[in-house]
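Chemist: Have a look at this one before I ask anything.
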Amino acid sequence: MGEEVKLIGSIQSLFSFRIEWALKLKGVEYEYIKEDVRNKSPLIFKYNPVHKKVPVLVHGGKSLPESLVILEYIDETWKNCPLLPEDPSQRAMARFWAKYADEKCLIAVWQAYMAEGEEKEKAMGPALESLAFLEKEIKGKKFFGGEKIGFLDLAVGWIPHWLNVLEEVGSMKLLDAEKFPSLHEWAENFIQISPIKECIPPREELVSYFHSALIYLRSLSANKP
Amino acid sequence: MADEIVLLSTWPSMFGMRVRVALAEKGLKYEYREEDLWNKSPLLLMMNPVHKKIPVLIHNGKPISESMIIVEYIDEVWNHKSPLLPTDPYQRAQARFWADYVDKKLYDIGKKIIWSTKGEEQETGKKEFIECLKLLEGELGDNPYFGGENFGFVDVSLVTFSGWFHTYESYGNLSIETECPKLVAWTKRCLEKESVSSSLADPHKIHDFASEVRKRLGIE
């Protein structure tokens, strides 16, 4: 496969990093095109006119947005180091939990991060509930993919690093080692694996970004009628 | 050993219908169990403890949830007949992207038209809904199906919404045929397939159902 691979991503985007991890795991050479999500370039509008977001994979000139769709494409195109299992019911489970993590867990964590005062405790409820489901799923396993990291590990790979930052900036504690021992252990193991450990955004960058994002988002909701 | 396939669903659900279409495309026999969403069965709660939603496919005792994940599972297991996803990875990715777009956008926007009590929200919903359908119509282009020459994954994801078009039109005071004639032509083409016509619920019954739910919610 000699065609050129480009990844349009951003240092703040947890979705972008999934793709970098997958490409690095498979040993795929790629050009990284850095986007600033706060100041999007015309490139994003050209390559992802529907959602206008990162990441976008461009392979041989053909563009592909939506991180979970991109992960499956990468897995099908470069067959070494498979991310999804072979068994269809296990594949369905991996897809189910990845979707759950994005649509429920991440959203719940985000709402909790944004909430203030009395609302925060209430907002933490769904986030804790969703972490409990993931705890159950990882129990007894080293990684979600089994002995090696796979599709679901990459999909929830935001937990070790990004969740930690959101907790700090959002003044909350969600991933408690006592409440979620298996998930906590998985998080510690995950960030030790190459290429993950060499490909993690600088913490200060994330803290600064999420701090200013919080101020901005709260001001938006304060101005809502 | 014969496969045991059970589908938990509700008759008006466009998500449940997707699974029915996929099973019919593959010529599979299954047991259908109608759920009462106001009084969910212990089986549903056991088989989908995370979301407690339909549809759930139970294949030889193993549950699979989330309609397009179920459709992809069906396509992978029974891959000898009527493939729903193409073989080329880029085309597969495109199909997954558009099915994901239908999932992320159409249902939630459509809810604003049928279940909203606020006029402004409904007006926004109408506008966004038509924009979505037009984008999808553009993606269809001059092809007979989203899958190209053959009925495929994206067709399954979207065609089941067509049973609800009459309901969206009625409550939204809009004409989908006027706004998106090619898309409506595509729905008629799909309905010529036995797998689709036998799986979709009657649009007028769906409208009556929506009316009942609106009364129950106190918005009609």
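Quick note on naming: the chains in the structure tokens go A, B, ... in the order shown, residues restart at 1 in each chain, and ligands are numbered from 1 in order of appearance.
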Taking only C-alpha atoms into account, produce a table as CSV in which each residue of chain A with an atom at most 9 Å from an atom of chain B appears once, together with its shortest atom pair and the distance in Å to one decimal, ordered by chain and rising number.
Modeler:
```
residue,atom,partner,partner_atom,distance
A:Val50,CA,B:Leu135,CA,8.8
A:Lys62,CA,B:Tyr90,CA,8.3
A:Leu64,CA,B:Ala93,CA,7.5
A:Pro65,CA,B:Phe97,CA,7.7
A:Glu66,CA,B:Phe97,CA,7.0
A:Val69,CA,B:Ala93,CA,5.9
A:Ile70,CA,B:Ala93,CA,7.1
A:Glu72,CA,B:Ala93,CA,7.5
A:Tyr73,CA,B:Pro89,CA,5.9
A:Ile74,CA,B:Pro89,CA,8.6
A:Glu76,CA,B:Pro89,CA,6.1
A:Thr77,CA,B:Pro89,CA,6.4
A:Pro88,CA,B:Tyr73,CA,6.0
A:Ser89,CA,B:Tyr73,CA,7.0
A:Arg91,CA,B:Tyr73,CA,8.0
A:Ala92,CA,B:Ile69,CA,6.1
A:Met93,CA,B:Ile64,CA,7.4
A:Arg95,CA,B:Ile69,CA,7.0
A:Phe96,CA,B:Ile69,CA,7.0
A:Tyr100,CA,B:Val50,CA,8.9
A:Ser130,CA,B:Val50,CA,8.9
A:Phe133,CA,B:Val50,CA,7.6
```
Chemist: Could you pull out all residues of range 2-216 of chain B with a DSSP call of helix (DSSP H, G or I) and give them as a PyMOL selection string?
Modeler: chain B and resi 14-25+42-47+67-77+89-114+119-140+153-172+176-179+181-191+194-197+203-216
Chemist: Excluding Tyr47 in chain A and residues on its chain fewer than 3 positions from it, collect all residues at most 12 Å away from it, counting only C-alpha atoms, and give them as a list of chain:residue names.
Modeler: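 Listing them by chain and then by number gives A:Lys6, A:Leu7, A:Ile8, A:Gly9, A:Lys40, A:Ser41, A:Pro42, A:Leu43, A:Ile44, A:Val50, A:His51, A:Lys52, A:Lys53, A:Val54, A:Pro55, A:Val56, A:Leu57, A:Val58, A:His59, A:Gly61, A:Lys62, A:Ser63, A:Leu64, A:Pro65, A:Glu66.
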Chemist: Could you pull out the strand (DSSP E or B) residues of range 4-181 of chain B from DSSP and send them as a short mmCIF file (atom, residue, chain, number, x, y, z; two decimals) with C-alpha atoms, in the first residue's frame?
Modeler:
```cif
data_model
loop_
_atom_site.label_atom_id
_atom_site.label_comp_id
_atom_site.auth_asym_id
_atom_site.auth_seq_id
_atom_site.Cartn_x
_atom_site.Cartn_y
_atom_site.Cartn_z
CA ILE B 5 -32.73 -16.12 16.36
CA VAL B 6 -35.01 -13.95 18.49
CA LEU B 7 -35.74 -10.28 17.83
CA LEU B 8 -37.08 -8.05 20.60
CA SER B 9 -38.62 -4.95 19.09
CA GLU B 31 -38.95 -15.44 16.43
CA TYR B 32 -40.31 -11.92 16.80
CA ARG B 33 -41.33 -10.69 20.24
CA GLU B 34 -43.24 -7.45 20.56
CA VAL B 56 -32.12 -6.57 20.64
CA LEU B 57 -31.14 -9.57 18.56
CA ILE B 58 -30.60 -12.77 20.51
CA HIS B 59 -28.58 -15.26 18.47
CA LYS B 62 -26.19 -14.16 22.89
CA PRO B 63 -27.65 -10.64 22.80
CA ILE B 64 -26.56 -7.91 20.38
CA SER B 65 -27.88 -4.35 20.77
CA TYR B 145 -29.57 2.76 -4.08
CA GLY B 148 -24.91 1.76 -5.75
#
```
Chemist: Considering only C-alpha atoms, return as a VMD selection string whatever protein or nucleic-acid residues lie within 12 Å of Ser212 in chain A, sequence-local ones (same chain, fewer than 5 positions apart) excluded.
Modeler: chain A and resid 38 114 166 169 to 170 205 to 207 217 to 219
Chemist: Between CA of Asp208 in chain B and CA of Lys126 in chain B, measure the distance and give it in Å to one decimal.
Modeler: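 For CA of Asp208 in chain B relative to CA of Lys126 in chain B, the distance reads 20.4 Å.
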Chemist: Name the residues in contact with range 118-121 of chain B at a cut-off of 12 Å, using only C-alpha atoms, excluding same-chain residues fewer than 5 positions from it; report them as a PDB file with N, CA and C atoms, in the first residue's frame.
Modeler:
```pdb
ATOM      1  N   ASP B 108     -33.050  12.468  16.103  1.00  0.00           N
ATOM      2  CA  ASP B 108     -33.129  13.549  17.086  1.00  0.00           C
ATOM      3  C   ASP B 108     -33.770  14.804  16.510  1.00  0.00           C
ATOM      4  N   ILE B 109     -33.462  15.107  15.267  1.00  0.00           N
ATOM      5  CA  ILE B 109     -34.069  16.280  14.638  1.00  0.00           C
ATOM      6  C   ILE B 109     -35.554  16.017  14.408  1.00  0.00           C
ATOM      7  N   GLY B 110     -35.862  14.819  13.962  1.00  0.00           N
ATOM      8  CA  GLY B 110     -37.257  14.446  13.713  1.00  0.00           C
ATOM      9  C   GLY B 110     -38.111  14.535  14.974  1.00  0.00           C
ATOM     10  N   LYS B 111     -37.475  14.252  16.111  1.00  0.00           N
ATOM     11  CA  LYS B 111     -38.196  14.327  17.404  1.00  0.00           C
ATOM     12  C   LYS B 111     -38.741  15.729  17.642  1.00  0.00           C
ATOM     13  N   LYS B 112     -37.988  16.735  17.206  1.00  0.00           N
ATOM     14  CA  LYS B 112     -38.409  18.133  17.410  1.00  0.00           C
ATOM     15  C   LYS B 112     -39.714  18.405  16.651  1.00  0.00           C
ATOM     16  N   ILE B 113     -39.892  17.686  15.544  1.00  0.00           N
ATOM     17  CA  ILE B 113     -41.095  17.925  14.727  1.00  0.00           C
ATOM     18  C   ILE B 113     -42.309  17.265  15.381  1.00  0.00           C
ATOM     19  N   LYS B 126     -37.914  21.377  11.591  1.00  0.00           N
ATOM     20  CA  LYS B 126     -38.348  21.205  10.200  1.00  0.00           C
ATOM     21  C   LYS B 126     -37.223  21.555   9.238  1.00  0.00           C
ATOM     22  N   LYS B 127     -36.626  22.710   9.475  1.00  0.00           N
ATOM     23  CA  LYS B 127     -35.575  23.224   8.589  1.00  0.00           C
ATOM     24  C   LYS B 127     -34.390  22.261   8.582  1.00  0.00           C
ATOM     25  N   GLU B 128     -33.965  21.846   9.777  1.00  0.00           N
ATOM     26  CA  GLU B 128     -32.806  20.952   9.892  1.00  0.00           C
ATOM     27  C   GLU B 128     -33.101  19.594   9.259  1.00  0.00           C
ATOM     28  N   PHE B 129     -34.345  19.120   9.440  1.00  0.00           N
ATOM     29  CA  PHE B 129     -34.756  17.823   8.914  1.00  0.00           C
ATOM     30  C   PHE B 129     -34.645  17.797   7.401  1.00  0.00           C
ATOM     31  N   TYR B 171     -47.297  16.435  11.164  1.00  0.00           N
ATOM     32  CA  TYR B 171     -47.054  17.315  12.312  1.00  0.00           C
ATOM     33  C   TYR B 171     -46.181  18.499  11.961  1.00  0.00           C
ATOM     34  N   GLY B 172     -45.351  18.343  10.942  1.00  0.00           N
ATOM     35  CA  GLY B 172     -44.458  19.422  10.549  1.00  0.00           C
ATOM     36  C   GLY B 172     -45.020  20.301   9.462  1.00  0.00           C
ATOM     37  N   ILE B 219     -49.418  16.295  24.873  1.00  0.00           N
ATOM     38  CA  ILE B 219     -49.136  17.356  23.896  1.00  0.00           C
ATOM     39  C   ILE B 219     -50.116  17.322  22.730  1.00  0.00           C
TER      40      ILE B 219
END
```
Chemist: Identify which of the residues A:Ile11, A:Val5, A:Val109, A:Ala177 lies closest to Glu31 in chain A, counting only C-alpha atoms when measuring atom-to-atom distances.
Modeler: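 Going through A:Ile11, A:Val5, A:Val109, A:Ala177 one by one, the smallest distance to Glu31 in chain A is for A:Val5.
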Chemist: Can you work out which one of B:Leu23, B:Ala185, B:Ile176, B:Val196 has the shortest atom-to-atom distance to Ser67 in chain B, counting only C-alpha atoms?
Modeler: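 Among the listed residues, B:Leu23 lies closest to Ser67 in chain B.
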Chemist: Between A:Trp162, A:Phe15, A:Phe190, A:Tyr216, single out the one closest to Ala98 in chain A, counting only C-alpha atoms.
Modeler: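 For Ala98 in chain A, the nearest of the given residues is A:Phe15.
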